[in-house]
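Chemist: So here's my_file.cif, just mmCIF, C-alpha atoms and all ligand atoms:
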```cif
data_target
#
loop_
_atom_site.label_atom_id
_atom_site.label_comp_id
_atom_site.auth_asym_id
_atom_site.auth_seq_id
_atom_site.Cartn_x
_atom_site.Cartn_y
_atom_site.Cartn_z
CA MET T 1 124.85 141.20 103.26
CA THR T 2 123.34 137.81 102.44
CA VAL T 3 123.04 135.29 105.20
CA ASP T 4 120.35 132.91 104.01
CA ALA T 5 121.27 129.79 102.01
CA PRO T 6 124.86 131.04 101.81
CA LEU T 7 126.55 128.32 99.83
CA HIS T 8 125.59 129.14 96.28
CA PHE T 9 128.65 128.03 94.43
CA GLY T 10 128.31 129.10 90.84
CA ASP T 11 125.22 126.88 90.95
CA SER T 12 124.20 125.29 87.68
CA ALA T 13 120.61 125.36 86.49
CA ASP T 14 120.34 121.80 87.79
CA LEU T 15 121.35 122.88 91.31
CA GLU T 16 119.10 125.93 91.25
CA ARG T 17 116.25 123.60 90.32
CA LEU T 18 117.14 121.30 93.21
CA ARG T 19 117.17 124.25 95.62
CA ARG T 20 113.74 125.32 94.36
CA GLU T 21 112.44 121.76 94.80
CA VAL T 22 113.64 121.72 98.42
CA ARG T 23 111.94 125.05 99.13
CA VAL T 24 108.67 123.84 97.56
CA TRP T 25 108.88 120.55 99.46
CA LEU T 26 109.58 122.40 102.74
CA ALA T 27 106.58 124.64 102.19
CA GLY T 28 104.39 121.54 101.80
CA HIS T 29 106.02 119.59 104.65
CA PRO T 30 106.29 121.80 107.70
CA LEU T 31 108.28 120.50 110.62
CA PRO T 32 106.11 117.93 112.44
CA GLU T 33 104.69 118.93 115.80
CA ARG T 34 106.90 117.77 118.63
CA LEU T 35 104.86 115.53 120.95
CA PRO T 36 104.75 116.37 124.67
CA ASP T 37 107.86 114.96 126.37
CA GLU T 38 109.15 113.57 123.08
CA PRO T 39 112.94 113.26 123.35
CA THR T 40 114.88 115.30 120.75
CA PRO T 41 116.36 112.26 118.94
CA VAL T 42 112.94 110.62 118.58
CA PHE T 43 111.52 113.82 117.13
CA LEU T 44 114.52 114.22 114.82
CA HIS T 45 114.18 110.62 113.71
CA ARG T 46 110.63 111.31 112.50
CA TRP T 47 112.05 114.30 110.62
CA HIS T 48 114.81 112.11 109.16
CA ARG T 49 112.24 109.68 107.75
CA LEU T 50 110.21 112.51 106.30
CA LEU T 51 113.33 114.01 104.67
CA HIS T 52 114.23 110.62 103.25
CA SER T 53 110.75 110.16 101.82
CA GLY T 54 111.27 113.50 100.05
CA GLY T 55 114.56 112.23 98.59
CA TRP T 56 116.75 114.65 100.61
CA VAL T 57 119.07 112.17 102.35
CA GLY T 58 122.15 110.60 100.78
CA LEU T 59 122.15 112.58 97.55
CA ASP T 60 125.88 111.98 97.14
CA VAL T 61 125.71 108.26 97.96
CA PRO T 62 125.73 105.88 94.96
CA ARG T 63 122.32 104.58 93.91
CA GLU T 64 123.25 100.95 94.58
CA TYR T 65 123.72 101.89 98.26
CA GLY T 66 120.41 103.69 98.61
CA GLY T 67 121.49 107.21 97.63
CA ARG T 68 120.74 109.32 94.57
CA GLY T 69 124.16 109.08 92.94
CA LEU T 70 124.61 112.86 92.73
CA THR T 71 127.50 115.00 94.02
CA SER T 72 128.40 116.49 97.40
CA LEU T 73 127.34 119.80 95.97
CA HIS T 74 123.76 118.52 95.65
CA GLN T 75 123.74 117.35 99.28
CA VAL T 76 125.27 120.65 100.39
CA ALA T 77 122.61 122.62 98.49
CA VAL T 78 119.84 120.61 100.19
CA SER T 79 121.32 121.12 103.69
CA ASP T 80 121.82 124.80 102.92
CA GLU T 81 118.17 125.27 101.97
CA LEU T 82 116.89 123.28 104.96
CA GLY T 83 118.94 125.42 107.37
CA ALA T 84 117.86 128.63 105.66
CA GLY T 85 114.24 127.48 105.91
CA GLY T 86 114.68 127.15 109.69
CA ALA T 87 114.31 123.35 109.54
CA PRO T 88 116.65 120.86 111.18
CA GLY T 89 119.23 119.61 108.72
CA VAL T 90 119.80 116.24 107.17
CA PRO T 91 120.58 113.82 110.02
CA ARG T 92 124.25 113.83 110.98
CA ILE T 93 125.05 110.44 109.55
CA GLY T 94 127.24 111.63 106.68
CA TYR T 95 130.50 110.84 108.47
CA LEU T 96 129.38 107.30 109.34
CA ALA T 97 128.15 106.77 105.78
CA HIS T 98 131.53 107.94 104.44
CA ALA T 99 133.34 105.52 106.77
CA LEU T 100 131.25 102.63 105.43
CA LEU T 101 131.64 103.77 101.83
CA GLU T 102 135.42 103.79 102.19
CA PHE T 103 135.99 100.73 104.37
CA ALA T 104 133.02 98.32 104.25
CA SER T 105 132.75 95.52 101.70
CA ALA T 106 130.31 95.94 98.80
CA GLU T 107 128.00 93.40 100.48
CA GLN T 108 128.08 95.33 103.78
CA ARG T 109 127.45 98.63 101.99
CA ARG T 110 124.45 97.17 100.16
CA ARG T 111 123.05 95.70 103.36
CA LEU T 112 123.73 98.59 105.76
CA LEU T 113 123.73 101.89 103.90
CA PRO T 114 120.19 101.99 102.42
CA ARG T 115 118.68 101.30 105.84
CA MET T 116 120.96 103.88 107.49
CA LEU T 117 119.98 106.53 104.95
CA ALA T 118 116.28 105.73 105.25
CA GLY T 119 116.40 105.91 109.06
CA ASP T 120 115.26 102.26 109.23
CA ASP T 121 118.36 101.66 111.33
CA VAL T 122 119.71 104.31 113.65
CA TRP T 123 123.47 104.39 114.22
CA CYS T 124 125.78 105.71 116.88
CA GLN T 125 129.55 106.03 117.18
CA GLY T 126 131.41 103.94 119.77
CA PHE T 127 134.92 105.37 119.74
CA SER T 128 135.62 107.18 123.06
CA GLU T 129 136.27 105.33 126.31
CA PRO T 130 136.73 106.46 129.92
CA GLY T 131 140.52 106.49 129.44
CA ALA T 132 140.64 107.15 125.70
CA GLY T 133 139.05 110.35 124.35
CA SER T 134 141.80 112.62 123.07
CA ASP T 135 144.16 109.68 123.14
CA LEU T 136 141.84 107.50 121.07
CA ALA T 137 144.68 105.20 120.06
CA GLY T 138 144.90 104.18 123.73
CA LEU T 139 141.48 102.48 123.69
CA THR T 140 141.33 99.21 125.60
CA THR T 141 138.07 97.55 124.50
CA TYR T 142 139.34 94.22 123.22
CA ALA T 143 137.91 91.94 120.52
CA GLU T 144 139.42 88.49 120.76
CA ARG T 145 139.29 86.35 117.60
CA GLY T 146 138.22 82.73 118.14
CA ASP T 147 139.18 79.70 116.03
CA ASP T 148 135.98 80.07 113.96
CA GLY T 149 136.90 83.68 113.03
CA SER T 150 134.21 85.23 115.26
CA TYR T 151 135.12 87.77 117.98
CA THR T 152 134.34 88.14 121.67
CA VAL T 153 134.34 91.78 122.76
CA ARG T 154 134.96 93.10 126.28
CA GLY T 155 135.25 96.72 127.36
CA GLN T 156 133.47 100.00 127.96
CA LYS T 157 132.64 102.99 125.77
CA LEU T 158 131.69 106.45 127.02
CA TRP T 159 129.96 109.55 125.56
CA THR T 160 128.24 107.37 122.95
CA SER T 161 125.62 109.86 121.74
CA TYR T 162 122.05 108.55 121.64
CA ALA T 163 123.05 104.88 121.91
CA GLN T 164 119.76 104.23 123.72
CA TYR T 165 117.87 105.17 120.54
CA SER T 166 120.22 103.35 118.17
CA ASP T 167 120.14 99.97 116.46
CA TYR T 168 123.82 99.79 115.50
CA CYS T 169 127.10 101.16 116.78
CA LEU T 170 130.21 101.71 114.69
CA LEU T 171 132.60 100.24 117.23
CA LEU T 172 136.37 100.48 117.58
CA ALA T 173 138.15 97.70 119.46
CA ARG T 174 141.72 96.48 119.75
CA THR T 175 142.39 93.12 118.10
CA ASP T 176 146.11 92.78 118.86
CA ARG T 177 147.73 93.42 122.23
CA THR T 178 151.28 93.38 120.91
CA ALA T 179 151.16 95.48 117.71
CA PRO T 180 151.61 99.31 117.89
CA PRO T 181 148.38 101.11 118.92
CA HIS T 182 147.62 102.63 115.51
CA SER T 183 147.83 99.31 113.68
CA SER T 184 145.96 97.15 116.18
CA ILE T 185 142.53 98.79 116.13
CA THR T 186 139.68 97.24 114.18
CA ALA T 187 136.18 98.50 113.38
CA PHE T 188 132.96 96.51 113.79
CA VAL T 189 129.25 96.92 113.30
CA LEU T 190 127.76 96.17 116.68
CA PRO T 191 124.00 95.44 116.82
CA LEU T 192 122.96 97.02 120.11
CA ASP T 193 120.44 94.28 120.92
CA ARG T 194 123.22 91.69 121.01
CA PRO T 195 123.48 89.76 124.33
CA GLY T 196 126.17 91.27 126.57
CA VAL T 197 125.52 94.91 125.54
CA THR T 198 124.31 97.29 128.25
CA VAL T 199 123.50 100.92 127.43
CA ARG T 200 123.30 103.39 130.32
CA PRO T 201 122.22 106.98 129.46
CA LEU T 202 123.75 110.02 131.20
CA ARG T 203 121.93 113.35 131.56
CA ALA T 204 123.63 116.42 129.97
CA ALA T 205 123.35 120.06 131.14
CA GLY T 206 120.76 120.87 128.45
CA GLY T 207 118.39 118.27 129.93
CA ASP T 208 118.79 115.67 127.16
CA ASP T 209 120.05 112.17 127.87
CA GLU T 210 122.48 112.48 124.98
CA PHE T 211 125.47 110.61 126.30
CA CYS T 212 125.61 106.96 127.14
CA GLU T 213 127.94 104.51 128.71
CA LEU T 214 128.15 101.30 126.73
CA PHE T 215 129.23 98.16 128.57
CA LEU T 216 130.38 95.20 126.47
CA ASP T 217 130.53 91.92 128.37
CA ASP T 218 131.61 89.02 126.19
CA VAL T 219 129.66 90.26 123.18
CA ARG T 220 129.93 87.89 120.21
CA LEU T 221 130.49 89.42 116.79
CA ALA T 222 130.64 87.45 113.55
CA ARG T 223 133.55 87.87 111.18
CA GLU T 224 131.08 89.50 108.72
CA GLU T 225 130.46 92.20 111.32
CA ARG T 226 134.04 93.39 111.01
CA ILE T 227 134.50 96.46 108.78
CA GLY T 228 137.67 96.31 106.70
CA ALA T 229 140.68 94.27 107.69
CA GLU T 230 142.04 93.83 111.20
CA GLY T 231 144.14 96.92 111.95
CA ASP T 232 142.17 99.21 109.57
CA GLY T 233 140.28 100.77 112.48
CA TRP T 234 142.59 103.73 112.97
CA ALA T 235 142.35 104.80 109.33
CA LEU T 236 138.56 104.38 109.50
CA ALA T 237 138.43 106.47 112.67
CA MET T 238 140.49 109.26 111.09
CA THR T 239 138.24 109.27 108.02
CA THR T 240 135.16 109.42 110.22
CA VAL T 241 136.39 112.32 112.38
CA SER T 242 137.71 114.24 109.37
CA TYR T 243 134.20 114.26 107.90
CA GLU T 244 132.73 115.00 111.32
CA ARG T 245 134.97 118.09 111.69
CA ASN T 246 134.32 119.43 108.20
CA ALA T 247 132.67 122.81 107.68
CA LEU T 248 130.33 121.29 105.13
CA ASP T 249 127.59 120.68 107.66
CA THR T 250 125.97 123.56 105.95
CA GLY T 251 122.55 123.23 107.54
CA HIS T 252 124.39 124.65 110.53
CA LEU T 253 125.96 127.41 108.49
CA SER T 254 122.67 128.72 107.18
CA LYS T 255 121.24 128.39 110.69
CA TYR T 256 124.11 130.53 112.02
CA GLY T 257 123.38 132.95 109.17
CA LEU T 258 119.77 133.36 110.30
CA LEU T 259 120.93 134.22 113.82
CA VAL T 260 123.58 136.67 112.57
CA GLU T 261 120.84 138.38 110.56
CA ARG T 262 118.58 138.45 113.62
CA LEU T 263 121.38 140.08 115.64
CA ARG T 264 121.98 142.64 112.91
CA ARG T 265 118.29 143.55 112.79
CA ALA T 266 118.11 143.88 116.58
CA ALA T 267 121.16 146.19 116.57
CA ARG T 268 119.58 148.42 113.92
CA GLU T 269 116.13 148.51 115.55
CA ARG T 270 117.58 149.24 118.98
CA ARG T 271 119.91 151.97 117.72
CA GLY T 272 121.67 153.70 120.62
CA GLN T 273 120.51 151.11 123.16
CA LEU T 274 123.16 148.42 122.78
CA PRO T 275 126.64 149.21 124.15
CA ASP T 276 129.48 149.62 121.66
CA GLY T 277 131.16 146.48 123.01
CA LEU T 278 128.13 144.40 122.09
CA LEU T 279 127.94 145.97 118.63
CA SER T 280 131.59 144.95 118.10
CA GLU T 281 130.69 141.42 119.20
CA ILE T 282 127.94 141.29 116.57
CA GLY T 283 130.50 142.45 114.02
CA ARG T 284 132.84 139.65 115.08
CA CYS T 285 130.00 137.12 114.74
CA PHE T 286 129.48 138.31 111.19
CA VAL T 287 133.19 137.98 110.40
CA ASP T 288 133.35 134.47 111.92
CA TYR T 289 130.35 133.49 109.85
CA GLU T 290 131.80 134.86 106.60
CA VAL T 291 135.10 133.05 107.24
CA LEU T 292 133.24 129.79 107.81
CA VAL T 293 131.24 130.18 104.62
CA ALA T 294 134.47 130.80 102.69
CA HIS T 295 135.98 127.67 104.21
CA ALA T 296 132.94 125.58 103.42
CA ARG T 297 133.11 126.76 99.79
CA ARG T 298 136.75 125.76 99.67
CA ARG T 299 135.97 122.30 101.05
CA ILE T 300 133.26 121.82 98.45
CA ALA T 301 135.75 122.68 95.72
CA GLU T 302 138.25 120.20 97.16
CA ARG T 303 135.67 117.45 97.47
CA LEU T 304 134.44 117.99 93.92
CA ALA T 305 138.07 117.67 92.80
CA GLY T 306 138.12 114.23 94.44
CA GLN T 307 140.11 115.17 97.55
CA LEU T 308 139.11 113.19 100.65
CA ALA T 309 138.62 114.96 103.98
CA GLY T 310 141.88 115.11 105.94
CA PRO T 311 143.66 117.04 108.72
CA GLU T 312 142.65 120.41 107.27
CA SER T 313 139.23 119.66 108.80
CA SER T 314 140.83 120.58 112.14
CA VAL T 315 141.03 124.20 110.97
CA ASP T 316 137.31 124.11 110.14
CA LYS T 317 136.48 122.54 113.48
CA LEU T 318 138.28 125.36 115.37
CA LEU T 319 136.58 128.00 113.24
CA MET T 320 133.16 126.41 113.73
CA THR T 321 133.69 126.18 117.46
CA ARG T 322 134.70 129.84 117.74
CA ALA T 323 131.84 130.99 115.50
CA GLU T 324 129.18 128.95 117.28
CA GLN T 325 130.29 129.78 120.82
CA ARG T 326 130.63 133.52 120.12
CA LEU T 327 127.32 133.61 118.27
CA TYR T 328 125.25 132.10 121.08
CA GLU T 329 127.10 134.04 123.80
CA THR T 330 126.32 137.26 121.93
CA ALA T 331 122.73 136.21 121.23
CA LEU T 332 122.10 135.69 124.94
CA LYS T 333 123.35 139.24 125.65
CA VAL T 334 121.22 140.77 122.89
CA PHE T 335 118.11 138.71 123.70
CA PRO T 336 118.39 138.34 127.50
CA GLN T 337 114.73 137.31 127.71
CA GLU T 338 115.81 134.01 126.13
CA VAL T 339 118.37 133.39 128.88
CA HIS T 340 115.73 132.25 131.26
CA GLY T 341 115.48 128.81 129.63
CA PRO T 342 115.72 125.86 129.58
CA GLY T 343 113.21 125.91 126.79
CA GLY T 344 114.34 129.05 124.98
CA ASP T 345 115.93 128.04 121.70
CA VAL T 346 118.88 130.37 122.10
CA PHE T 347 119.53 129.15 125.63
CA ALA T 348 119.46 125.49 124.57
CA GLU T 349 121.74 126.23 121.62
CA TYR T 350 124.05 128.25 123.88
CA LEU T 351 124.36 125.30 126.27
CA TYR T 352 125.08 122.89 123.42
CA SER T 353 127.63 125.26 121.88
CA ARG T 354 129.80 124.81 125.00
CA ALA T 355 130.33 121.20 123.92
CA ALA T 356 131.64 122.22 120.49
CA SER T 357 135.19 122.57 121.86
CA VAL T 358 135.03 118.92 123.03
CA TYR T 359 133.01 116.70 120.66
CA GLY T 360 134.72 115.37 117.56
CA GLY T 361 138.08 116.00 119.32
CA THR T 362 138.84 118.93 121.64
CA SER T 363 140.18 122.30 120.46
CA GLN T 364 143.58 121.49 121.99
CA ILE T 365 143.73 118.30 119.94
CA GLN T 366 142.77 120.17 116.75
CA ARG T 367 145.67 122.58 117.41
CA ASN T 368 148.03 119.64 117.93
CA ILE T 369 146.90 118.16 114.59
CA ILE T 370 147.42 121.49 112.82
CA ALA T 371 150.90 121.84 114.36
CA LYS T 372 151.96 118.28 113.51
CA ARG T 373 150.19 117.39 110.30
CA LEU T 374 149.59 120.68 108.51
CA LEU T 375 152.50 122.86 109.68
CA ARG T 376 154.86 119.94 110.41
CA LEU T 377 156.30 121.84 113.38
CA PRO T 378 159.05 120.13 115.37
CA HIS T 379 158.40 119.02 118.94
CA GLY T 380 159.20 121.82 121.42
CA ALA T 381 161.68 121.48 124.29
CA LYS T 382 160.23 119.74 127.36
C1 LIG T 401 128.37 116.50 122.84
C2 LIG T 401 129.37 115.37 122.72
C3 LIG T 401 129.05 114.25 121.98
C4 LIG T 401 129.96 113.18 121.88
N1 LIG T 401 129.59 112.08 121.16
C5 LIG T 401 130.44 111.04 121.07
C6 LIG T 401 130.04 109.85 120.37
O1 LIG T 401 128.92 109.75 119.86
N2 LIG T 401 130.92 108.83 120.27
C7 LIG T 401 132.17 108.90 120.81
O2 LIG T 401 132.93 107.95 120.65
N3 LIG T 401 132.58 110.00 121.52
C8 LIG T 401 131.73 111.06 121.67
N4 LIG T 401 132.11 112.19 122.39
C9 LIG T 401 133.39 112.16 123.10
C10 LIG T 401 134.44 113.11 122.57
O3 LIG T 401 134.99 112.66 121.36
C11 LIG T 401 135.49 113.22 123.69
O4 LIG T 401 134.86 113.86 124.79
C12 LIG T 401 136.70 114.01 123.27
O5 LIG T 401 137.45 113.33 122.29
C13 LIG T 401 137.62 114.34 124.47
O6 LIG T 401 137.90 113.19 125.20
P1 LIG T 401 137.73 113.15 126.79
O7 LIG T 401 136.35 113.66 127.10
O8 LIG T 401 138.09 111.79 127.24
O9 LIG T 401 138.74 114.22 127.38
P2 LIG T 401 140.30 113.98 127.65
O10 LIG T 401 140.90 113.32 126.48
O11 LIG T 401 140.43 113.34 128.98
O12 LIG T 401 140.83 115.47 127.73
C14 LIG T 401 140.71 116.29 128.91
C15 LIG T 401 141.37 117.62 128.63
O13 LIG T 401 142.79 117.44 128.40
C16 LIG T 401 143.16 117.98 127.14
N5 LIG T 401 144.17 117.14 126.48
C17 LIG T 401 144.17 115.80 126.43
N6 LIG T 401 145.24 115.37 125.72
C18 LIG T 401 145.91 116.48 125.30
C19 LIG T 401 147.08 116.69 124.51
N7 LIG T 401 147.77 115.68 124.00
N8 LIG T 401 147.46 117.98 124.27
C20 LIG T 401 146.76 119.02 124.77
N9 LIG T 401 145.63 118.87 125.54
C21 LIG T 401 145.22 117.62 125.79
C22 LIG T 401 141.87 117.98 126.32
O14 LIG T 401 141.91 118.97 125.30
C23 LIG T 401 140.82 118.31 127.38
O15 LIG T 401 140.76 119.69 127.61
C24 LIG T 401 131.22 113.25 122.52
C25 LIG T 401 131.55 114.39 123.28
C26 LIG T 401 130.64 115.42 123.39
C27 LIG T 401 131.01 116.62 124.24
#
```
Any chance you could give the structure as structure tokens?
Modeler:
Amino acid sequence: MTVDAPLHFGDSADLERLRREVRVWLAGHPLPERLPDEPTPVFLHRWHRLLHSGGWVGLDVPREYGGRGLTSLHQVAVSDELGAGGAPGVPRIGYLAHALLEFASAEQRRRLLPRMLAGDDVWCQGFSEPGAGSDLAGLTTYAERGDDGSYTVRGQKLWTSYAQYSDYCLLLARTDRTAPPHSSITAFVLPLDRPGVTVRPLRAAGGDDEFCELFLDDVRLAREERIGAEGDGWALAMTTVSYERNALDTGHLSKYGLLVERLRRAARERRGQLPDGLLSEIGRCFVDYEVLVAHARRRIAERLAGQLAGPESSVDKLLMTRAEQRLYETALKVFPQEVHGPGGDVFAEYLYSRAASVYGGTSQIQRNIIAKRLLRLPHGAK
């Protein structure tokens, strides 16, 4: 059984060299000490900058936009090694970067992407609203175009992760009240220090102030702050969430692998002490993990063949959710001493795993997408 750095994919000598370079770099750059009371995103931002200085962020982004002009496979190999080394992964900006790569103008890409990759600008995602989470197309934040082509935005966003630590928000707003919902949404880059923006953090169960409410009161946005054409926002949103739901966040996969291995070792060392039911659970965790790795390999192959992320990401999202939730539930039973968090790593991860069936679109919504877009099932009787 191999669980560390699981995504070797017929790696070429070039990729093996890259993996070695990451391991050597990691050995020389241990995770920085977390300062007392330092919020997680601030700590992770310092790590982001360090990773970028090592050349480990944006490997698959073209050089002219601040990346290294390599392939997804190179980025995957780096994330894989970071996770296997027990380090936090590359910051989760890949899906926002992909949205900009596909929809922003060349000028916007040149201006925004290098700073995003370097961590000079921190970004958040302003899609969900109080009445529009699963039904994202029902969002009501409105951007009204003036005679000079600029926009005035009014509305409210909700669940905007880490907006209080961010410089920019990738914002969705409606720009036409009469057109059908899917063709009247437009994307913008919203600088969060713009007059009229109020960010109010909300405390989550794990103790972090992850979520925020974002109030937009007559916020002025220039025409150049629009991403793509008016009405392109829905396609941009679907691209963003397809990347967000993809199993290629392999830093996570190798991290899961380390925990599966830890469970396996505990079961062997405590032979005869763990009930059969718990041993079966560990077996299921291993199966979930292997299935995820196989899916991630398949997605790499598709991406290398030039296929963009699409609705099949919903399958990955369901598999990841099941794997992550079962893994941390099982870990808490096998290592009960780590239940008595907050503070214990497993406990914190367990709490966060509960959100996996909600963020990036709920499990019910992923099943709807699979039924409609992959299986093309007819609507059932009401
Ligand atoms: C940790 C975390 C981080 C997040 N970060 C961000 C962020 O940075 N930016 C952002 O924009 N959003 C973010 N979100 C919001 C997330 O995308 C929404 O919570 C999610 O889409 C669900 O929307 P909702 O909370 O409004 O629930 P609702 O849409 O109100 O759903 C409530 C329940 O009804 C079910 N339901 C709704 N419609 C259907 C249907 N048609 N068929 C079957 N069941 C249905 C849902 O599955 C759910 O169980 C985050 C959420 C979490 C948990």
Chemist: Which residues are near ligand LIG 401 (chain T) in this structure, taking near to mean any atom at most 6 Å from a ligand atom and counting all atoms listed in the file? Format them as a list in words.
Modeler: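 Counting only what the definition allows, namely all atoms listed in the file, the set is Cys124, Gln125, Gly126, Phe127, Ser128, Ala132, Gly133, Ser134, Asp135, Trp159, Thr160, Ser161, Ala355, Val358, Tyr359, Gly360, Gly361, Thr362, Gln364 and Ile365 of chain T.
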Chemist: Quick one: residues within 10 Å of Leu308 in chain T, all atoms listed in the file counted, chain neighbours fewer than 4 positions away excluded, as a list in words?
Modeler: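 Counting all atoms listed in the file, the residues come to His98, Thr239, Ser242, Tyr243, Arg299, Glu302, Arg303 and Leu304 of chain T.
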Chemist: Residues of range 187-280 of chain T within 12 Å of range 92-95 of chain T: nearest atom pair and distance (Å, one decimal) for each, counting only C-alpha atoms, sorted by chain and number, as JSON lines?
Modeler:
```
{"residue": "T:Leu236", "atom": "CA", "partner": "T:Tyr95", "partner_atom": "CA", "distance": 10.4}
{"residue": "T:Ala237", "atom": "CA", "partner": "T:Tyr95", "partner_atom": "CA", "distance": 10.0}
{"residue": "T:Met238", "atom": "CA", "partner": "T:Tyr95", "partner_atom": "CA", "distance": 10.4}
{"residue": "T:Thr239", "atom": "CA", "partner": "T:Tyr95", "partner_atom": "CA", "distance": 7.9}
{"residue": "T:Thr240", "atom": "CA", "partner": "T:Tyr95", "partner_atom": "CA", "distance": 5.2}
{"residue": "T:Val241", "atom": "CA", "partner": "T:Tyr95", "partner_atom": "CA", "distance": 7.2}
{"residue": "T:Ser242", "atom": "CA", "partner": "T:Tyr95", "partner_atom": "CA", "distance": 8.0}
{"residue": "T:Tyr243", "atom": "CA", "partner": "T:Tyr95", "partner_atom": "CA", "distance": 5.1}
{"residue": "T:Glu244", "atom": "CA", "partner": "T:Tyr95", "partner_atom": "CA", "distance": 5.5}
{"residue": "T:Arg245", "atom": "CA", "partner": "T:Tyr95", "partner_atom": "CA", "distance": 9.1}
{"residue": "T:Asn246", "atom": "CA", "partner": "T:Tyr95", "partner_atom": "CA", "distance": 9.4}
{"residue": "T:Leu248", "atom": "CA", "partner": "T:Gly94", "partner_atom": "CA", "distance": 10.3}
{"residue": "T:Asp249", "atom": "CA", "partner": "T:Arg92", "partner_atom": "CA", "distance": 8.3}
{"residue": "T:Thr250", "atom": "CA", "partner": "T:Arg92", "partner_atom": "CA", "distance": 11.1}
{"residue": "T:Gly251", "atom": "CA", "partner": "T:Arg92", "partner_atom": "CA", "distance": 10.2}
{"residue": "T:His252", "atom": "CA", "partner": "T:Arg92", "partner_atom": "CA", "distance": 10.8}
```
Chemist: Just C-alpha atoms for this one: save the residues we selected as a PDB file, in the frame of the given file.
Modeler:
```pdb
ATOM      1  CA  LEU T 236     138.560 104.380 109.500  1.00  0.00           C
ATOM      2  CA  ALA T 237     138.430 106.470 112.670  1.00  0.00           C
ATOM      3  CA  MET T 238     140.490 109.260 111.090  1.00  0.00           C
ATOM      4  CA  THR T 239     138.240 109.270 108.020  1.00  0.00           C
ATOM      5  CA  THR T 240     135.160 109.420 110.220  1.00  0.00           C
ATOM      6  CA  VAL T 241     136.390 112.320 112.380  1.00  0.00           C
ATOM      7  CA  SER T 242     137.710 114.240 109.370  1.00  0.00           C
ATOM      8  CA  TYR T 243     134.200 114.260 107.900  1.00  0.00           C
ATOM      9  CA  GLU T 244     132.730 115.000 111.320  1.00  0.00           C
ATOM     10  CA  ARG T 245     134.970 118.090 111.690  1.00  0.00           C
ATOM     11  CA  ASN T 246     134.320 119.430 108.200  1.00  0.00           C
ATOM     12  CA  LEU T 248     130.330 121.290 105.130  1.00  0.00           C
ATOM     13  CA  ASP T 249     127.590 120.680 107.660  1.00  0.00           C
ATOM     14  CA  THR T 250     125.970 123.560 105.950  1.00  0.00           C
ATOM     15  CA  GLY T 251     122.550 123.230 107.540  1.00  0.00           C
ATOM     16  CA  HIS T 252     124.390 124.650 110.530  1.00  0.00           C
TER      17      HIS T 252
END
```
Chemist: With distances taken over all atoms listed in the file, which residue among T:Pro39, T:Pro62, T:Pro201, T:Gly119 lies nearest Leu158 in chain T?
Modeler: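 Answer, going by the shortest atom-to-atom distance: T:Pro201.
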Chemist: Give the answer as one residue: which of T:Pro36, T:Gly283, T:Pro41, T:Gly277 has the shortest atom-to-atom distance to Phe211 in chain T, using all atoms listed in the file?
Modeler: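 Of the candidates, the smallest distance to Phe211 in chain T is held by T:Pro41.
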Chemist: Compare T:Glu107, T:Arg63, T:Tyr168, T:Ser254 by their minimum atom-to-atom distance to Ala296 in chain T, counting all atoms listed in the file, and give me the closest one.
Modeler: T:Ser254
Chemist: Which is closer to Pro88 in chain T than all the others in T:Arg110, T:His48, T:Lys333, T:His8, using only C-alpha atoms?
Modeler: T:His48
Chemist: Rank T:Leu318, T:Thr140, T:His29, T:Pro195 by their smallest atom-to-atom distance to Gly85 in chain T, using all atoms listed in the file, and report the top residue only.
Modeler: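 Counting all atoms listed in the file, the residue closest to Gly85 in chain T is T:His29.
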Chemist: Between T:Ala247, T:Leu278, T:Cys169, T:Val334, which has the minimum distance to Ala294 in chain T (counting all atoms listed in the file)?
Modeler: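 Checking each candidate against Ala294 in chain T, we get T:Ala247 as the closest.
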Chemist: Counting all atoms listed in the file, what is within 9 Å of Gly138 in chain T, bar same-chain residues fewer than 6 positions away, as a ChimeraX atom specification?
Modeler: /T:131-132,181-182
Chemist: Please report the interatomic distance between CA of Ser105 in chain T and CA of Leu171 in chain T in Å with one decimal.
Modeler: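 Calculated distance between CA of Ser105 in chain T and CA of Leu171 in chain T is 16.2 Å.
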Chemist: If you measure from CA of Glu129 in chain T to CA of Thr141 in chain T, what distance in Å do you get, rounded to one decimal?
Modeler: 8.2 Å
Chemist: For the atom pair CA of Thr152 in chain T and CA of Ala173 in chain T, what is the interatomic distance in Å to one decimal place?
Modeler: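 About the pair CA of Thr152 in chain T and CA of Ala173 in chain T: they are 10.5 Å apart.
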Chemist: Could you pull the residues within 12 Å of Glu224 in chain T, counting all atoms listed in the file, minus those fewer than 4 positions along the same chain, as a compact mmCIF listing (two decimals) with C-alpha atoms, in the coordinates of the input?
Modeler:
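Saved file result07.txt follows:
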```txt
# COMPACT_ATOMS: atom_id res chain seq x y z
CA ALA T 104 133.02 98.32 104.25
CA SER T 105 132.75 95.52 101.70
CA ALA T 106 130.31 95.94 98.80
CA GLU T 107 128.00 93.40 100.48
CA GLN T 108 128.08 95.33 103.78
CA ARG T 109 127.45 98.63 101.99
CA ARG T 111 123.05 95.70 103.36
CA ASP T 148 135.98 80.07 113.96
CA GLY T 149 136.90 83.68 113.03
CA SER T 150 134.21 85.23 115.26
CA TYR T 151 135.12 87.77 117.98
CA ALA T 187 136.18 98.50 113.38
CA PHE T 188 132.96 96.51 113.79
CA VAL T 189 129.25 96.92 113.30
CA LEU T 190 127.76 96.17 116.68
CA ARG T 220 129.93 87.89 120.21
CA GLY T 228 137.67 96.31 106.70
CA ALA T 229 140.68 94.27 107.69
```
